[in-house]
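Source file final05.cif; content: mmCIF, C-alpha atoms.
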data_entry
#
loop_
_atom_site.label_atom_id
_atom_site.label_comp_id
_atom_site.auth_asym_id
_atom_site.auth_seq_id
_atom_site.Cartn_x
_atom_site.Cartn_y
_atom_site.Cartn_z
CA MET A 519 32.27 -122.87 -34.41
CA LYS A 520 35.37 -123.84 -32.43
CA GLU A 521 37.25 -121.20 -30.43
CA LEU A 522 41.03 -121.15 -30.84
CA ASP A 523 43.79 -119.04 -29.36
CA ILE A 524 46.87 -117.53 -30.99
CA GLU A 525 49.08 -120.40 -29.83
CA SER A 526 47.14 -122.82 -32.03
CA MET A 527 48.13 -120.93 -35.20
CA ASP A 528 50.71 -122.59 -37.45
CA PHE A 529 53.18 -119.84 -38.33
CA LYS A 530 55.95 -122.33 -39.18
CA LYS A 531 54.63 -123.48 -42.55
CA GLY A 532 54.84 -119.96 -43.99
CA GLY A 533 58.23 -119.08 -42.47
CA GLY A 534 56.68 -117.15 -39.57
CA LEU A 535 53.83 -115.69 -41.61
CA VAL A 536 50.22 -116.59 -42.33
CA PRO A 537 48.10 -115.16 -45.15
CA VAL A 538 45.21 -112.97 -44.04
CA VAL A 539 42.11 -112.61 -46.18
CA VAL A 540 40.17 -109.44 -45.38
CA GLN A 541 36.41 -109.19 -45.87
CA ASP A 542 34.14 -106.17 -45.40
CA SER A 543 31.54 -106.91 -42.72
CA GLU A 544 28.84 -104.87 -44.48
CA THR A 545 29.30 -105.34 -48.23
CA ARG A 546 30.92 -108.78 -47.75
CA ASP A 547 33.38 -107.87 -50.52
CA VAL A 548 36.82 -109.43 -50.25
CA LEU A 549 38.95 -106.32 -49.77
CA MET A 550 42.55 -107.52 -49.82
CA MET A 551 45.02 -110.19 -48.85
CA ALA A 552 48.05 -109.54 -46.66
CA TYR A 553 50.33 -111.38 -44.25
CA ALA A 554 50.62 -111.49 -40.47
CA ASN A 555 53.33 -112.74 -38.18
CA ARG A 556 52.62 -113.55 -34.54
CA GLU A 557 53.26 -109.95 -33.43
CA ALA A 558 50.92 -108.50 -36.08
CA LEU A 559 48.19 -110.88 -34.97
CA GLN A 560 48.81 -110.06 -31.30
CA GLN A 561 48.59 -106.31 -32.05
CA THR A 562 45.39 -106.88 -34.01
CA VAL A 563 43.81 -108.76 -31.11
CA LYS A 564 45.08 -106.23 -28.54
CA THR A 565 44.06 -103.04 -30.35
CA GLY A 566 41.07 -104.25 -32.38
CA TYR A 567 42.60 -102.79 -35.56
CA ALA A 568 44.19 -104.77 -38.38
CA HIS A 569 47.98 -105.05 -38.29
CA TYR A 570 50.06 -106.88 -40.89
CA TRP A 571 53.63 -107.77 -41.67
CA SER A 572 55.02 -106.04 -44.73
CA ARG A 573 57.17 -108.55 -46.60
CA SER A 574 58.77 -105.86 -48.79
CA ARG A 575 59.50 -103.35 -46.01
CA LYS A 576 60.04 -106.05 -43.36
CA THR A 577 58.09 -104.13 -40.75
CA LEU A 578 54.95 -104.41 -38.68
CA TRP A 579 52.29 -102.27 -40.32
CA LYS A 580 49.03 -100.87 -38.99
CA LYS A 581 46.59 -100.63 -41.88
CA GLY A 582 45.56 -97.00 -42.34
CA GLU A 583 48.21 -95.57 -40.04
CA THR A 584 49.15 -92.93 -42.62
CA SER A 585 46.10 -92.98 -44.95
CA GLY A 586 43.49 -93.08 -42.19
CA HIS A 587 41.92 -96.10 -43.89
CA LEU A 588 41.75 -98.15 -40.71
CA GLN A 589 40.21 -101.60 -40.44
CA LYS A 590 38.30 -102.24 -37.23
CA VAL A 591 38.33 -105.99 -36.79
CA LYS A 592 34.97 -107.42 -35.76
CA GLU A 593 35.87 -111.08 -35.98
CA ILE A 594 38.95 -113.19 -36.68
CA LEU A 595 38.27 -116.57 -38.28
CA VAL A 596 40.79 -119.38 -38.60
CA ASP A 597 40.84 -122.05 -41.29
CA CYS A 598 40.83 -125.83 -40.84
CA ASP A 599 44.64 -126.08 -41.09
CA GLN A 600 45.18 -123.15 -38.72
CA ASP A 601 47.54 -121.54 -41.22
CA THR A 602 45.27 -118.88 -42.75
CA LEU A 603 43.22 -116.09 -41.18
CA LEU A 604 40.08 -114.24 -42.23
CA TYR A 605 39.56 -110.77 -40.75
CA ILE A 606 35.98 -109.48 -40.90
CA VAL A 607 36.37 -105.71 -40.76
CA ASP A 608 34.66 -102.35 -40.72
CA GLN A 609 36.66 -100.53 -43.38
CA THR A 610 37.15 -96.77 -43.03
CA GLY A 611 37.44 -95.25 -46.51
CA VAL A 612 38.88 -97.66 -49.05
CA ALA A 613 41.03 -100.76 -48.68
CA CYS A 614 43.22 -100.36 -51.76
CA HIS A 615 46.15 -97.95 -52.06
CA THR A 616 44.94 -97.14 -55.62
CA GLY A 617 41.81 -95.52 -54.18
CA GLU A 618 39.53 -98.39 -55.23
CA LYS A 619 37.25 -99.88 -52.56
CA THR A 620 38.77 -103.33 -52.87
CA CYS A 621 42.15 -104.51 -54.16
CA PHE A 622 40.32 -107.02 -56.38
CA HIS A 623 39.21 -104.50 -59.00
CA ASN A 624 40.49 -106.25 -62.12
CA ARG A 625 38.83 -109.10 -63.98
CA LEU A 626 40.62 -111.91 -65.77
CA LYS A 627 39.53 -112.32 -69.39
CA MET B 1176 36.89 -102.79 -63.80
CA LYS B 1177 39.99 -103.43 -65.92
CA GLU B 1178 40.30 -106.63 -67.95
CA LEU B 1179 43.59 -108.49 -67.67
CA ASP B 1180 44.93 -111.67 -69.21
CA ILE B 1181 46.96 -114.48 -67.69
CA GLU B 1182 50.24 -113.02 -68.96
CA SER B 1183 49.78 -109.99 -66.72
CA MET B 1184 49.86 -112.16 -63.56
CA ASP B 1185 52.99 -111.96 -61.43
CA PHE B 1186 53.86 -115.58 -60.62
CA LYS B 1187 57.52 -114.75 -59.89
CA LYS B 1188 57.03 -113.12 -56.49
CA GLY B 1189 55.57 -116.33 -55.04
CA GLY B 1190 58.05 -118.71 -56.65
CA GLY B 1191 55.66 -119.63 -59.46
CA LEU B 1192 52.53 -119.55 -57.31
CA VAL B 1193 49.84 -117.03 -56.48
CA PRO B 1194 47.40 -117.29 -53.58
CA VAL B 1195 43.77 -117.79 -54.57
CA VAL B 1196 40.96 -116.63 -52.31
CA VAL B 1197 37.70 -118.46 -53.01
CA GLN B 1198 34.31 -116.88 -52.38
CA ASP B 1199 30.84 -118.43 -52.74
CA SER B 1200 28.83 -116.49 -55.32
CA GLU B 1201 25.54 -116.98 -53.46
CA THR B 1202 26.31 -116.85 -49.73
CA ARG B 1203 29.38 -114.61 -50.31
CA ASP B 1204 31.18 -116.62 -47.61
CA VAL B 1205 34.93 -116.90 -48.03
CA LEU B 1206 35.29 -120.65 -48.56
CA MET B 1207 39.03 -121.34 -48.63
CA MET B 1208 42.44 -120.18 -49.73
CA ALA B 1209 44.70 -122.20 -52.00
CA TYR B 1210 47.49 -121.65 -54.52
CA ALA B 1211 47.66 -121.67 -58.31
CA ASN B 1212 50.56 -121.86 -60.72
CA ARG B 1213 50.21 -120.78 -64.33
CA GLU B 1214 48.99 -124.22 -65.41
CA ALA B 1215 46.33 -124.40 -62.68
CA LEU B 1216 45.05 -120.98 -63.72
CA GLN B 1217 45.06 -121.97 -67.39
CA GLN B 1218 43.09 -125.15 -66.61
CA THR B 1219 40.63 -123.13 -64.53
CA VAL B 1220 40.05 -120.69 -67.39
CA LYS B 1221 39.85 -123.48 -69.99
CA THR B 1222 37.49 -125.81 -68.10
CA GLY B 1223 35.52 -123.34 -65.99
CA TYR B 1224 36.26 -125.38 -62.87
CA ALA B 1225 38.71 -124.43 -60.11
CA HIS B 1226 42.16 -126.02 -60.33
CA TYR B 1227 44.95 -125.44 -57.83
CA TRP B 1228 48.55 -126.39 -57.20
CA SER B 1229 49.03 -128.61 -54.16
CA ARG B 1230 52.19 -127.46 -52.39
CA SER B 1231 52.37 -130.61 -50.24
CA ARG B 1232 51.70 -133.15 -53.02
CA LYS B 1233 53.38 -131.02 -55.72
CA THR B 1234 50.64 -131.74 -58.24
CA LEU B 1235 47.96 -129.93 -60.17
CA TRP B 1236 44.67 -130.56 -58.44
CA LYS B 1237 41.09 -130.18 -59.62
CA LYS B 1238 38.94 -129.26 -56.65
CA GLY B 1239 36.28 -131.93 -56.12
CA GLU B 1240 37.84 -134.45 -58.51
CA THR B 1241 37.48 -137.22 -55.93
CA SER B 1242 34.93 -135.74 -53.49
CA GLY B 1243 32.59 -134.36 -56.16
CA HIS B 1244 32.73 -130.99 -54.43
CA LEU B 1245 33.45 -129.07 -57.62
CA GLN B 1246 33.77 -125.32 -57.87
CA LYS B 1247 32.28 -123.80 -61.02
CA VAL B 1248 34.12 -120.52 -61.49
CA LYS B 1249 31.83 -117.63 -62.42
CA GLU B 1250 34.40 -114.87 -62.25
CA ILE B 1251 38.14 -114.50 -61.68
CA LEU B 1252 39.24 -111.24 -60.09
CA VAL B 1253 42.82 -110.00 -59.90
CA ASP B 1254 44.24 -107.71 -57.24
CA CYS B 1255 46.04 -104.39 -57.71
CA ASP B 1256 49.51 -106.00 -57.60
CA GLN B 1257 48.48 -108.82 -59.97
CA ASP B 1258 49.84 -111.38 -57.54
CA THR B 1259 46.63 -112.62 -55.90
CA LEU B 1260 43.43 -114.06 -57.38
CA LEU B 1261 39.83 -114.18 -56.19
CA TYR B 1262 37.65 -116.96 -57.62
CA ILE B 1263 33.91 -116.37 -57.34
CA VAL B 1264 32.40 -119.85 -57.45
CA ASP B 1265 29.29 -121.97 -57.40
CA GLN B 1266 30.26 -124.56 -54.81
CA THR B 1267 28.85 -128.07 -55.13
CA GLY B 1268 28.51 -129.60 -51.66
CA VAL B 1269 31.01 -128.20 -49.17
CA ALA B 1270 34.38 -126.51 -49.65
CA CYS B 1271 36.22 -127.95 -46.64
CA HIS B 1272 37.62 -131.48 -46.42
CA THR B 1273 36.30 -131.63 -42.82
CA GLY B 1274 32.73 -131.52 -44.13
CA GLU B 1275 32.16 -127.92 -43.04
CA LYS B 1276 30.79 -125.50 -45.63
CA THR B 1277 33.80 -123.21 -45.41
CA CYS B 1278 37.36 -123.82 -44.27
CA PHE B 1279 37.05 -120.75 -42.00
CA HIS B 1280 34.96 -122.45 -39.33
CA ASN B 1281 37.03 -121.56 -36.26
CA ARG B 1282 37.01 -118.29 -34.36
CA LEU B 1283 40.02 -116.71 -32.66
CA LYS B 1284 39.39 -115.87 -29.01
#

How would this structure read if it were set down as structure tokens?
Amino acid sequence: MKELDIESMDFKKGGGLVPVVVQDSETRDVLMMAYANREALQQTVKTGYAHYWSRSRKTLWKKGETSGHLQKVKEILVDCDQDTLLYIVDQTGVACHTGEKTCFHNRLK
Amino acid sequence: MKELDIESMDFKKGGGLVPVVVQDSETRDVLMMAYANREALQQTVKTGYAHYWSRSRKTLWKKGETSGHLQKVKEILVDCDQDTLLYIVDQTGVACHTGEKTCFHNRLK
């Protein structure tokens, strides 16, 4: 596994943002998908807790800041194109704002 | 788990596309992230094999069509906002064009 730093990430392709897939380190469930800009990624690395960029509110956002449902980031993986991230997290409480454990709680017929 | 149909997907937010997270049904590794338009999703449902929309080539794309690295889709999950998909797949061969099993084969320092 190659080690990369933040500067190797390609934020340009997504207009300053990269998608972040979030996986639970214990259950290995995919919990959610969100977006990070450079600052959100820097804050995640610095604090050890997942930060994202809210596209609707146009603000930096610490996951769980109000709900308490923090995500402690154990590992940050980077894809082959360096334009997508995978956070492996210890999830406090639930990941989804609906109260479900994971945001992927619907099935396509 | 709620059952949804294709019509309930929100393709508008992403300009006709939704991100698709792909997870291996056996190893539970996150394999890749790609995009689907309505047609790609319809083809996936119809054939049982993962289809995506290539943003760079602007074409519908069947994963593994040339490499043989097909993805048999066992389950399609939909997130709470109905704007992101999770394909649970049986991966033939490897998911990444580099020859690695998963596209997430780099670690952020």

Worksheet item: Could you list, as a ChimeraX atom specification, every residue of chain B that has an atom within 7 Å of an atom of chain A, counting only C-alpha atoms?
Response: /B:1176-1180,1203,1251-1255,1278-1284

Worksheet item: For the atom pair CA of Gly1268 in chain B and CA of Val536 in chain A, what is the interatomic distance in Å to one decimal place?
Response: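 Separation between CA of Gly1268 in chain B and CA of Val536 in chain A: 27.0 Å.
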
Discussion item. Since I can't run it myself right now, could you work out what the PyMOL selection byres ((chain A and resi 607) around 7) selects here and report it as a ChimeraX atom specification?
Written reply: /A:541-543,589-592,605-606,608-609

Worksheet item: What is the distance, in Å and to one decimal place, between CA of Trp1228 in chain B and CA of Tyr570 in chain A?
Response: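 One can read the CA of Trp1228 in chain B to CA of Tyr570 in chain A distance as 25.5 Å.
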
Practice prompt. State, in Å with one decimal place, the distance from CA of Gly1243 in chain B to CA of Ala1270 in chain B.
Written response: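 Here the two named atoms are 10.4 Å from each other.
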
Discussion item. I'd like the neighbourhood of Lys580 in chain A as a PyMOL selection string, where a residue qualifies if any of its atoms comes within 8 Å (using all atoms listed in the file), though same-chain residues fewer than 4 positions away should be ignored.
Written reply: chain A and resi 567-570+588

Export, as a short mmCIF file (atom, residue, chain, number, x, y, z; two decimals), keeping the file's coordinate frame, the selected residues with C-alpha atoms.
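Written out: again_22.cif:
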data_model
loop_
_atom_site.label_atom_id
_atom_site.label_comp_id
_atom_site.auth_asym_id
_atom_site.auth_seq_id
_atom_site.Cartn_x
_atom_site.Cartn_y
_atom_site.Cartn_z
CA TYR A 567 42.60 -102.79 -35.56
CA ALA A 568 44.19 -104.77 -38.38
CA HIS A 569 47.98 -105.05 -38.29
CA TYR A 570 50.06 -106.88 -40.89
CA LEU A 588 41.75 -98.15 -40.71
#

Discussion item. Report as a PyMOL selection string all protein, DNA and RNA residues lying within 8 Å of Ser1229 in chain B, evaluated on only C-alpha atoms, omitting residues in the same chain fewer than 6 positions from it.
Written reply: chain B and resi 1210+1235-1236

Could you add whatever atoms are missing so that range 1261-1273 of chain B carries N, CA and C atoms, then write the result as a short mmCIF file (atom, residue, chain, number, x, y, z; two decimals), in the coordinates of the input?
data_model
loop_
_atom_site.label_atom_id
_atom_site.label_comp_id
_atom_site.auth_asym_id
_atom_site.auth_seq_id
_atom_site.Cartn_x
_atom_site.Cartn_y
_atom_site.Cartn_z
N LEU B 1261 41.07 -113.92 -56.91
CA LEU B 1261 39.83 -114.18 -56.19
C LEU B 1261 38.90 -114.91 -57.14
N TYR B 1262 38.60 -116.19 -56.83
CA TYR B 1262 37.65 -116.96 -57.62
C TYR B 1262 36.27 -116.81 -56.99
N ILE B 1263 35.30 -116.40 -57.79
CA ILE B 1263 33.91 -116.37 -57.34
C ILE B 1263 33.26 -117.63 -57.90
N VAL B 1264 32.79 -118.51 -57.00
CA VAL B 1264 32.40 -119.85 -57.45
C VAL B 1264 31.00 -120.26 -57.03
N ASP B 1265 30.45 -121.18 -57.82
CA ASP B 1265 29.29 -121.97 -57.40
C ASP B 1265 29.84 -123.26 -56.81
N GLN B 1266 29.69 -123.41 -55.50
CA GLN B 1266 30.26 -124.56 -54.81
C GLN B 1266 29.25 -125.70 -54.78
N THR B 1267 29.66 -126.86 -55.30
CA THR B 1267 28.85 -128.07 -55.13
C THR B 1267 29.22 -128.68 -53.79
N GLY B 1268 28.22 -129.01 -52.97
CA GLY B 1268 28.51 -129.60 -51.66
C GLY B 1268 29.23 -128.60 -50.78
N VAL B 1269 30.28 -129.05 -50.13
CA VAL B 1269 31.01 -128.20 -49.17
C VAL B 1269 32.43 -127.95 -49.68
N ALA B 1270 33.03 -126.85 -49.20
CA ALA B 1270 34.38 -126.51 -49.65
C ALA B 1270 35.46 -127.21 -48.82
N CYS B 1271 35.16 -127.48 -47.55
CA CYS B 1271 36.22 -127.95 -46.64
C CYS B 1271 36.25 -129.48 -46.56
N HIS B 1272 37.46 -130.03 -46.49
CA HIS B 1272 37.62 -131.48 -46.42
C HIS B 1272 37.09 -132.05 -45.10
N THR B 1273 36.84 -131.17 -44.11
CA THR B 1273 36.30 -131.63 -42.82
C THR B 1273 34.79 -131.85 -42.90
#
